[in-house]
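Asks: Here you go, my_file_1.txt (compact mmCIF, C-alpha atoms):
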# COMPACT_ATOMS: atom_id res chain seq x y z
CA MET N 68 13.59 12.18 -67.77
CA THR N 69 10.37 10.41 -66.74
CA PRO N 70 11.10 7.17 -64.83
CA ARG N 71 10.02 3.98 -66.50
CA ARG N 72 7.19 2.09 -64.82
CA GLY N 73 9.42 -0.92 -64.15
CA GLU N 74 12.04 1.06 -62.23
CA ARG N 75 12.18 0.99 -58.45
CA PRO N 76 11.41 4.28 -56.70
CA PRO N 77 14.43 6.17 -55.39
CA VAL N 78 15.61 5.25 -51.90
CA PRO N 79 14.41 8.14 -49.71
CA GLU N 80 16.50 9.92 -47.10
CA PRO N 81 16.62 7.92 -43.89
CA LEU N 82 13.88 8.26 -41.34
CA PRO N 83 14.88 10.07 -38.13
CA ALA N 84 14.14 6.83 -36.22
CA PRO N 85 14.10 3.27 -37.57
CA VAL N 86 10.89 1.46 -38.45
CA VAL N 87 9.91 -2.18 -39.05
CA ASP N 88 8.35 -3.32 -42.33
CA ALA N 89 5.74 -5.59 -40.77
CA HIS N 90 4.84 -7.49 -43.94
CA THR N 91 6.84 -8.03 -47.11
CA HIS N 92 7.63 -10.84 -49.55
CA LEU N 93 11.38 -10.83 -50.13
CA ASP N 94 11.21 -13.82 -52.47
CA ALA N 95 8.58 -12.17 -54.66
CA CYS N 96 10.74 -9.02 -54.66
CA GLY N 97 13.39 -11.11 -56.43
CA ALA N 98 15.69 -12.20 -53.60
CA LYS N 99 16.82 -15.77 -54.06
CA ASP N 100 19.76 -16.26 -51.70
CA SER N 101 21.41 -14.78 -48.63
CA ALA N 102 23.47 -12.26 -50.60
CA GLU N 103 20.41 -10.88 -52.37
CA VAL N 104 18.45 -10.74 -49.13
CA SER N 105 21.25 -8.77 -47.46
CA THR N 106 21.49 -6.38 -50.41
CA MET N 107 17.75 -5.73 -50.18
CA LEU N 108 17.99 -5.16 -46.43
CA ASP N 109 20.92 -2.79 -46.94
CA ARG N 110 18.73 -0.68 -49.21
CA ALA N 111 16.02 -0.74 -46.57
CA ALA N 112 18.48 0.28 -43.84
CA ALA N 113 19.58 3.25 -45.95
CA ALA N 114 15.99 4.52 -45.71
CA GLY N 115 15.65 3.81 -41.98
CA VAL N 116 13.81 0.49 -42.30
CA ASP N 117 15.91 -1.68 -40.02
CA ARG N 118 13.95 -4.95 -39.84
CA VAL N 119 11.38 -6.83 -41.92
CA ILE N 120 8.98 -9.74 -41.65
CA THR N 121 8.97 -11.76 -44.87
CA VAL N 122 5.68 -13.56 -45.34
CA ALA N 123 4.70 -16.78 -47.07
CA ASP N 124 1.70 -17.45 -49.28
CA ASP N 125 2.23 -21.15 -49.99
CA LEU N 126 4.24 -24.03 -48.60
CA ALA N 127 7.27 -23.46 -50.82
CA SER N 128 7.50 -19.80 -49.84
CA ALA N 129 6.93 -20.74 -46.19
CA ARG N 130 9.99 -22.96 -46.31
CA TRP N 131 11.95 -20.22 -48.06
CA ALA N 132 10.85 -17.51 -45.60
CA ALA N 133 11.79 -19.61 -42.58
CA GLU N 134 15.21 -20.30 -44.09
CA ALA N 135 15.75 -16.68 -45.18
CA SER N 136 15.09 -15.51 -41.62
CA THR N 137 18.28 -17.30 -40.59
CA TRP N 138 20.45 -15.58 -43.22
CA ASP N 139 20.25 -12.03 -41.88
CA ASP N 140 19.50 -10.83 -38.34
CA ARG N 141 17.26 -8.11 -39.78
CA VAL N 142 14.83 -10.67 -41.23
CA PHE N 143 11.99 -12.51 -39.49
CA ALA N 144 9.33 -14.73 -41.06
CA ALA N 145 5.63 -15.58 -41.04
CA VAL N 146 4.27 -18.83 -42.48
CA ALA N 147 0.85 -19.94 -43.71
CA VAL N 148 -1.04 -20.85 -46.86
CA HIS N 149 -2.78 -17.86 -48.43
CA PRO N 150 -6.60 -18.15 -48.58
CA THR N 151 -6.58 -18.13 -52.39
CA ARG N 152 -4.42 -21.29 -52.33
CA THR N 153 -6.52 -23.35 -49.93
CA SER N 154 -8.52 -25.42 -52.41
CA THR N 155 -5.96 -28.22 -51.98
CA PHE N 156 -5.00 -27.53 -48.36
CA GLY N 157 -4.47 -30.93 -46.72
CA GLU N 158 -2.64 -32.88 -44.06
CA ALA N 159 0.77 -32.64 -45.73
CA GLU N 160 0.59 -28.83 -45.74
CA LYS N 161 -0.66 -28.75 -42.15
CA SER N 162 2.13 -30.98 -40.89
CA ALA N 163 4.82 -28.94 -42.64
CA LEU N 164 3.41 -25.60 -41.48
CA GLU N 165 3.12 -26.85 -37.90
CA GLU N 166 6.84 -27.59 -37.88
CA LEU N 167 7.82 -24.35 -39.60
CA ALA N 168 5.64 -22.22 -37.30
CA ARG N 169 7.64 -23.41 -34.30
CA ALA N 170 10.96 -22.16 -35.70
CA PRO N 171 12.44 -19.42 -33.45
CA ARG N 172 12.62 -16.70 -36.12
CA VAL N 173 9.13 -17.43 -37.45
CA VAL N 174 7.25 -14.77 -35.49
CA ALA N 175 3.70 -15.12 -36.84
CA VAL N 176 1.23 -17.43 -38.54
CA GLY N 177 0.23 -15.74 -41.75
CA GLU N 178 -0.90 -14.65 -44.06
CA THR N 179 -4.20 -16.43 -43.59
CA GLY N 180 -7.80 -15.32 -43.71
CA LEU N 181 -10.40 -14.84 -46.41
CA ASP N 182 -10.33 -13.44 -49.93
CA TYR N 183 -13.64 -12.98 -51.74
CA TYR N 184 -12.16 -10.83 -54.51
CA TRP N 185 -10.45 -13.69 -56.37
CA ASP N 186 -12.26 -16.90 -57.28
CA TYR N 187 -9.34 -19.30 -56.78
CA SER N 188 -10.59 -21.18 -53.72
CA PRO N 189 -14.20 -21.80 -52.60
CA PRO N 190 -15.35 -20.05 -49.42
CA GLU N 191 -15.83 -23.34 -47.59
CA ALA N 192 -12.19 -24.32 -48.14
CA GLN N 193 -11.01 -20.86 -47.10
CA HIS N 194 -13.11 -20.96 -43.91
CA ALA N 195 -11.76 -24.38 -42.91
CA ALA N 196 -8.15 -23.35 -43.54
CA PHE N 197 -8.61 -20.07 -41.67
CA ARG N 198 -9.99 -21.90 -38.64
CA TRP N 199 -7.03 -24.29 -38.71
CA HIS N 200 -4.52 -21.41 -38.90
CA ILE N 201 -6.25 -19.67 -35.96
CA ASP N 202 -5.82 -22.83 -33.92
CA LEU N 203 -2.19 -23.16 -35.01
CA ALA N 204 -1.42 -19.60 -33.90
CA LYS N 205 -2.88 -20.31 -30.49
CA ARG N 206 -1.04 -23.63 -30.13
CA VAL N 207 2.37 -22.16 -31.00
CA GLY N 208 1.71 -18.92 -29.11
CA LYS N 209 2.39 -16.58 -32.01
CA PRO N 210 0.42 -13.72 -33.60
CA LEU N 211 -2.10 -14.34 -36.37
CA MET N 212 -1.48 -12.28 -39.51
CA ILE N 213 -4.72 -11.85 -41.43
CA HIS N 214 -5.39 -11.35 -45.12
CA ASP N 215 -8.89 -9.86 -45.46
CA ARG N 216 -10.15 -8.87 -48.88
CA ASP N 217 -13.84 -8.10 -49.28
CA ALA N 218 -14.59 -10.41 -46.34
CA HIS N 219 -14.72 -8.19 -43.24
CA ALA N 220 -17.88 -9.64 -41.67
CA ASP N 221 -16.90 -13.28 -42.10
CA VAL N 222 -13.35 -12.68 -40.84
CA LEU N 223 -14.69 -11.14 -37.61
CA ARG N 224 -17.36 -13.84 -37.29
CA ILE N 225 -14.86 -16.69 -37.58
CA LEU N 226 -12.42 -15.02 -35.20
CA THR N 227 -15.25 -14.70 -32.68
CA GLU N 228 -16.42 -18.28 -33.15
CA GLU N 229 -12.93 -19.75 -32.85
CA GLY N 230 -11.63 -17.33 -30.24
CA ALA N 231 -8.94 -14.98 -31.45
CA PRO N 232 -5.29 -15.51 -30.51
CA GLU N 233 -3.75 -13.06 -28.07
CA GLN N 234 -2.32 -11.00 -30.93
CA VAL N 235 -4.10 -10.46 -34.25
CA VAL N 236 -2.72 -8.28 -37.04
CA PHE N 237 -4.83 -7.18 -40.01
CA HIS N 238 -2.19 -7.03 -42.75
CA CYS N 239 -2.74 -4.34 -45.39
CA PHE N 240 -5.83 -3.11 -43.57
CA SER N 241 -8.49 -2.30 -46.13
CA GLY N 242 -11.52 -1.33 -44.09
CA ASP N 243 -13.26 1.94 -43.39
CA LEU N 244 -13.59 3.82 -40.10
CA GLU N 245 -16.46 1.65 -38.86
CA PHE N 246 -14.50 -1.56 -39.44
CA ALA N 247 -11.37 -0.04 -37.90
CA LYS N 248 -13.35 0.78 -34.77
CA ALA N 249 -14.65 -2.81 -34.59
CA CYS N 250 -11.11 -4.18 -34.88
CA VAL N 251 -9.56 -1.72 -32.44
CA GLU N 252 -12.29 -2.45 -29.89
CA ARG N 253 -11.30 -6.13 -30.03
CA GLY N 254 -7.64 -5.26 -29.44
CA PHE N 255 -6.51 -6.10 -32.97
CA VAL N 256 -3.54 -4.38 -34.61
CA LEU N 257 -3.98 -2.67 -38.00
CA SER N 258 -1.09 -2.67 -40.45
CA PHE N 259 -1.18 -0.06 -43.21
CA ALA N 260 0.49 -0.48 -46.60
CA GLY N 261 0.87 1.70 -49.70
CA PRO N 262 -2.87 2.10 -50.39
CA VAL N 263 -3.24 4.34 -47.33
CA THR N 264 -1.14 6.92 -49.23
CA PHE N 265 -3.42 6.88 -52.29
CA ARG N 266 -5.31 10.13 -52.59
CA ASN N 267 -8.51 8.36 -53.66
CA ALA N 268 -8.53 6.19 -50.50
CA ALA N 269 -10.46 8.59 -48.27
CA ALA N 270 -12.19 5.92 -46.19
CA LEU N 271 -8.93 4.04 -45.57
CA ARG N 272 -7.11 7.24 -44.66
CA GLU N 273 -9.86 8.09 -42.18
CA ALA N 274 -9.37 4.67 -40.58
CA ALA N 275 -5.61 5.21 -40.35
CA ALA N 276 -6.05 8.62 -38.76
CA TYR N 277 -8.32 7.07 -36.13
CA THR N 278 -6.23 4.00 -35.22
CA PRO N 279 -4.47 4.32 -31.83
CA VAL N 280 -0.72 4.43 -32.30
CA GLU N 281 -0.21 1.41 -30.05
CA GLN N 282 -2.37 -0.64 -32.46
CA LEU N 283 -0.77 0.57 -35.68
CA LEU N 284 1.91 -0.97 -37.91
CA VAL N 285 3.42 -0.03 -41.26
CA GLU N 286 4.20 -2.47 -44.04
CA THR N 287 4.98 -2.60 -47.74
CA ASP N 288 3.45 -5.91 -48.90
CA ALA N 289 6.28 -5.61 -51.44
CA PRO N 290 6.58 -6.11 -54.34
CA PHE N 291 2.95 -4.99 -54.49
CA LEU N 292 1.11 -1.78 -53.52
CA THR N 293 3.91 0.75 -53.92
CA PRO N 294 3.03 3.98 -52.10
CA HIS N 295 2.19 7.34 -53.69
CA PRO N 296 3.66 8.92 -55.77
CA PHE N 297 5.23 5.73 -57.17
CA ARG N 298 2.06 3.65 -57.53
CA GLY N 299 2.52 0.91 -60.12
CA ARG N 300 6.30 0.72 -59.81
CA PRO N 301 8.14 -2.17 -58.06
CA ASN N 302 7.94 -2.05 -54.28
CA GLU N 303 10.62 -3.01 -51.75
CA PRO N 304 10.93 -2.78 -47.95
CA TYR N 305 12.68 0.62 -48.09
CA CYS N 306 9.44 2.09 -49.40
CA ALA N 307 7.91 1.68 -45.94
CA ALA N 308 9.66 4.98 -45.23
CA TYR N 309 7.40 6.73 -47.75
CA THR N 310 4.28 5.27 -46.14
CA LEU N 311 5.46 6.14 -42.63
CA ARG N 312 6.05 9.78 -43.58
CA ASP N 313 2.67 10.00 -45.31
CA LEU N 314 0.93 8.51 -42.27
CA ALA N 315 2.67 10.98 -39.98
CA ALA N 316 1.44 13.89 -42.10
CA LEU N 317 -2.08 12.42 -42.24
CA ARG N 318 -2.25 11.92 -38.47
CA GLY N 319 -0.42 15.08 -37.50
CA ASP N 320 2.32 13.03 -35.82
CA ASP N 321 6.02 13.76 -35.58
CA VAL N 322 7.81 11.40 -37.99
CA ALA N 323 10.41 10.25 -35.47
CA GLU N 324 7.81 9.68 -32.77
CA LEU N 325 5.54 7.71 -35.09
CA ALA N 326 8.45 5.58 -36.34
CA GLY N 327 9.48 4.85 -32.77
CA ALA N 328 5.93 3.96 -31.77
CA VAL N 329 5.42 1.69 -34.78
CA SER N 330 8.67 -0.13 -34.08
CA ALA N 331 7.72 -0.51 -30.43
CA THR N 332 4.39 -2.03 -31.48
CA ALA N 333 6.14 -4.44 -33.84
CA ASP N 334 8.53 -5.45 -31.07
CA ARG N 335 5.66 -6.01 -28.66
CA VAL N 336 3.34 -7.86 -31.03
CA PHE N 337 5.94 -10.07 -32.74
CA ARG N 338 8.44 -10.11 -29.82
CA LEU N 339 11.25 -9.32 -32.24
CA ARG N 340 13.76 -8.16 -29.64
CA SER N 341 12.96 -11.14 -27.42
CA VAL N 342 13.56 -13.51 -30.33
CA THR N 343 16.89 -11.85 -31.10
CA SER N 344 18.08 -11.82 -27.49
CA ASP N 345 16.99 -15.42 -26.84
CA LEU N 346 18.87 -16.65 -29.89
CA ALA N 347 21.94 -14.63 -28.94
CA SER N 348 21.95 -16.18 -25.48
CA GLY N 349 21.41 -19.66 -26.87
CA GLU N 350 17.98 -20.18 -25.30
Go through the file and emit its structure as structure tokens.
Replies:
Amino acid sequence: MTPRRGERPPVPEPLPAPVVDAHTHLDACGAKDSAEVSTMLDRAAAAGVDRVITVADDLASARWAAEASTWDDRVFAAVAVHPTRTSTFGEAEKSALEELARAPRVVAVGETGLDYYWDYSPPEAQHAAFRWHIDLAKRVGKPLMIHDRDAHADVLRILTEEGAPEQVVFHCFSGDLEFAKACVERGFVLSFAGPVTFRNAAALREAAAYTPVEQLLVETDAPFLTPHPFRGRPNEPYCAAYTLRDLAALRGDDVAELAGAVSATADRVFRLRSVTSDLASGE
């Protein structure tokens, strides 16, 4: 029987070593409360995806993500206002995000950046909000998680003008080899989602093959961008296992070694283990 388009992909066999889903949207995946978050993370764990970062795109989801990160030890959060929602970005949003970004289990400021594909927010508003989020990341000492769609040159220009935070992650990296080289040279981390598994994404796959393992992350961006061969079906954090295996084959890496390296990069960039140990010790 052919699966219906609306059905989730099957949960794959577990990875030989656990991996972190560096960018997902648990609320958009349908999780509303702690029980549903835990059920979703149990499915992820069955595939070898042991931790996730759930990411906000507006103030309401930022509040939800920060709260959800306290429901399950496998969940961390990132908060920001998405560039397409910045046309009305004002002092109330800034004040709320400043407070949320300082929460212990909020491990990044994001997703922020520029989006020239959609016409929901004028470039000037996006630029101003991006600059503010860059400053916030530096003030709270947390990584900057970037959304970059059809805006490579301006994203790099603004990062240069403002001075990039110590850690910068390009979520759902969408550039070619040349752009990957420019980002890697600057010390940025590239996070690859389902599109890197698409067989018509030759330029993106070339960039992923080039990226040094210590600057590489894997993500789902669920519920969007489900990896091959399930493109178009609902995505969830467990599907990071499909992307990880595809990346390993593309790069000629051992699956367990790549999973371990990706998790180590996530721990280093987002300080996940430090956050967990500090909270456990009451610091």
Asks: With a distance cut-off of 9 Å and all atoms listed in the file, select the neighbouring residues of N:Ala204, excluding the residue or stretch itself and same-chain residues fewer than 6 positions from it, and output the selection as an mmCIF file with C-alpha atoms, keeping the file's coordinate frame.
Replies:
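New file out25.cif:
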data_model
loop_
_atom_site.group_PDB
_atom_site.id
_atom_site.type_symbol
_atom_site.label_atom_id
_atom_site.label_comp_id
_atom_site.auth_asym_id
_atom_site.auth_seq_id
_atom_site.Cartn_x
_atom_site.Cartn_y
_atom_site.Cartn_z
ATOM 1 C CA ALA N 168 5.640 -22.220 -37.300
ATOM 2 C CA ALA N 175 3.700 -15.120 -36.840
ATOM 3 C CA VAL N 176 1.230 -17.430 -38.540
ATOM 4 C CA GLY N 177 0.230 -15.740 -41.750
ATOM 5 C CA PRO N 210 0.420 -13.720 -33.600
ATOM 6 C CA LEU N 211 -2.100 -14.340 -36.370
ATOM 7 C CA PRO N 232 -5.290 -15.510 -30.510
#
Asks: When you count all atoms listed in the file, which of these residues is closest to N:Arg272: N:Ala111, N:Leu244, N:Ala326, N:Ile120?
Replies: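 Of N:Ala111, N:Leu244, N:Ala326, N:Ile120, the one nearest N:Arg272 is N:Leu244, counting all atoms listed in the file.
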Asks: List the neighbours of N:Thr264 out to 9 Å using only C-alpha atoms; skip same-chain residues closer than 6 positions along the sequence, and give me the result as a ChimeraX atom specification.
Replies: /N:272,294-296,309-310,313-314,317
Asks: Which polymer residues have any atom within 12 Å of an atom of N:Ala333, counting only C-alpha atoms, with same-chain residues fewer than 2 positions away left out, as a ChimeraX atom specification?
Replies: /N:85-90,117-120,143,174-175,210,234-236,256-258,280-286,326-331,335-341
Asks: Using only C-alpha atoms, what residues lie at most 12 Å away from (4.7, -27.9, -42.5) (file coordinates), given as a PyMOL selection string?
Replies: chain N and resi 125-131+133+146-148+156-170+176+200+203
Asks: Deliver the residues from the most recent selection as a file, using C-alpha atoms, as a compact mmCIF listing (two decimals), keeping the file's coordinate frame.
Replies:
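Listed below is the output, result.txt:
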# COMPACT_ATOMS: atom_id res chain seq x y z
CA ASP N 125 2.23 -21.15 -49.99
CA LEU N 126 4.24 -24.03 -48.60
CA ALA N 127 7.27 -23.46 -50.82
CA SER N 128 7.50 -19.80 -49.84
CA ALA N 129 6.93 -20.74 -46.19
CA ARG N 130 9.99 -22.96 -46.31
CA TRP N 131 11.95 -20.22 -48.06
CA ALA N 133 11.79 -19.61 -42.58
CA VAL N 146 4.27 -18.83 -42.48
CA ALA N 147 0.85 -19.94 -43.71
CA VAL N 148 -1.04 -20.85 -46.86
CA PHE N 156 -5.00 -27.53 -48.36
CA GLY N 157 -4.47 -30.93 -46.72
CA GLU N 158 -2.64 -32.88 -44.06
CA ALA N 159 0.77 -32.64 -45.73
CA GLU N 160 0.59 -28.83 -45.74
CA LYS N 161 -0.66 -28.75 -42.15
CA SER N 162 2.13 -30.98 -40.89
CA ALA N 163 4.82 -28.94 -42.64
CA LEU N 164 3.41 -25.60 -41.48
CA GLU N 165 3.12 -26.85 -37.90
CA GLU N 166 6.84 -27.59 -37.88
CA LEU N 167 7.82 -24.35 -39.60
CA ALA N 168 5.64 -22.22 -37.30
CA ARG N 169 7.64 -23.41 -34.30
CA ALA N 170 10.96 -22.16 -35.70
CA VAL N 176 1.23 -17.43 -38.54
CA HIS N 200 -4.52 -21.41 -38.90
CA LEU N 203 -2.19 -23.16 -35.01
Asks: Using Å and a single decimal, report how far atom CA of N:Pro301 sits from atom CA of N:Pro76.
Replies: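 These two atoms are separated by 7.4 Å.
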Asks: May I have the protein, DNA and RNA residues with any atom at most 12 Å from the point (17.3, -15.4, -53.8), counting only C-alpha atoms, written as a list of chain:residue names?
Replies: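 Checked against the point, the hits come out as N:His92, N:Leu93, N:Asp94, N:Ala95, N:Cys96, N:Gly97, N:Ala98, N:Lys99, N:Asp100, N:Ser101, N:Ala102, N:Glu103, N:Val104, N:Ser105, N:Thr106, N:Met107, N:Ser128, N:Trp131, N:Ala132, N:Glu134, N:Ala135, N:Trp138.
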Asks: What is the atom CA of N:Glu191-atom CA of N:Gly208 distance in Å, reported with one decimal?
Replies: 25.9 Å
Asks: Within 8 Å of N:Glu273, counting only C-alpha atoms, which residues qualify if same-chain residues fewer than 4 places away don't, as JSON, numbers by chain?
Replies: {"N": [243, 244, 269, 277]}
Asks: Using atom CA of N:Phe237 and atom CA of N:Trp199 as the two end points, give the distance in Å to one decimal.
Replies: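 So the two atoms, atom CA of N:Phe237 and atom CA of N:Trp199, lie 17.3 Å apart.
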